[in-house]
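Take a look at the structure below.
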Amino acid sequence: MPAESLLIFASLYASHTHHFTPEGLIISAISGAIIGDNIGYIIGYQVGYRLLEKHGHKVGLHNDRLILGRYLFRRFGGVGVLLGRFIAFLRILIAILAGASRMPWPTFTLYNALGGVLWGACYVLIPYELGSQIDSFTGPVGIGLATVMLTLLVGSFLFLRHHEQTLVKKALADEEQREARKKKHRHH
């Protein structure tokens with residue numbers, strides 16, 4: 001299961017059964033996020049971007065997404081590491097790109113930790129609170145709230161989907177400009 005789905009499921013389960021504590025889930029989510037991305041950073045630093053170019057397509061990291069990740073990393077640096085945590089395909093890619101791009105480890109660690117804390121807390125606390133309150137919403141109010149939540153989820157998905165393509169276009173244009181500048185610089 002994707003990490004978000006697992007955290008949402010575990011949080012909803014905990015809110016009804018109390019077999020897990022939200023604090024324990026948050027600590028687990030944050031620890032896994034920070035440790036996992038530090039491993040990704042090391043892999044990126046040691047093996048680099050070429051491995052992603054060669055084998056990334058096997059795990060859904062086709063060339064457009066690699067270019068998008070590299071573009072966002074160059075453009076936003078540490079903030080990209082932090083925000084990349086909240087974008088599914090970037091979460092996988094951003095730590096490796098940070099390492100491959102030789103981002104200073106202390107800077108990466110700071111933004112990675114901030115992103116991991118925000119991500120873990122959001123993906124645990126929001127579903128936990130909603131799950132613990134769900135029984136109080138019955139009848140027309142419950143149906144209305146469920147409809148609003150479903151609309152927000154679908155809208156969010158569509159919004160992110162739309163902007164992914166826009167960002168990919170910007171990234172491809174940026175990549176073309178960088179390549180043209182490199183060629184021009186080599187000829188001089």
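Residue numbering restarts at 1 in every chain; chains get A, B, ... in the order shown in the structure tokens, and ligands count up from 1 in that same order.
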
Residue contacts of stretch 107-113 of chain A (8 Å, only C-alpha atoms) excluding same-chain residues fewer than 6 positions away, as a ChimeraX atom specification: /A:30,34,37-38,78-79,81-82,98

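Residues with any atom within 9 Å of A:Tyr49, counting only C-alpha atoms and excluding same-chain neighbours fewer than 6 positions away, are A:Leu66, A:Ile96, A:Leu97, A:Gly99, A:Ala100, A:Ser101.
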
Using only C-alpha atoms, please write the residues we just selected to a file, as a PDB file, in the first residue's frame.
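Heads up, here's the output in part11.pdb:
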```
ATOM      1  CA  LEU A  66      12.762  12.686 -13.965  1.00  0.00           C
ATOM      2  CA  ILE A  96      17.617  10.717  -4.728  1.00  0.00           C
ATOM      3  CA  LEU A  97      17.773  13.908  -6.794  1.00  0.00           C
ATOM      4  CA  GLY A  99      21.880  13.368  -3.401  1.00  0.00           C
ATOM      5  CA  ALA A 100      22.603  13.183  -7.119  1.00  0.00           C
ATOM      6  CA  SER A 101      22.658  16.993  -7.273  1.00  0.00           C
TER       7      SER A 101
END
```

For atom CA of A:Leu167 and atom CA of A:His57, determine how far apart the two atoms are, in Å to one decimal place.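 Pair atom CA of A:Leu167 / atom CA of A:His57 returns 18.9 Å.
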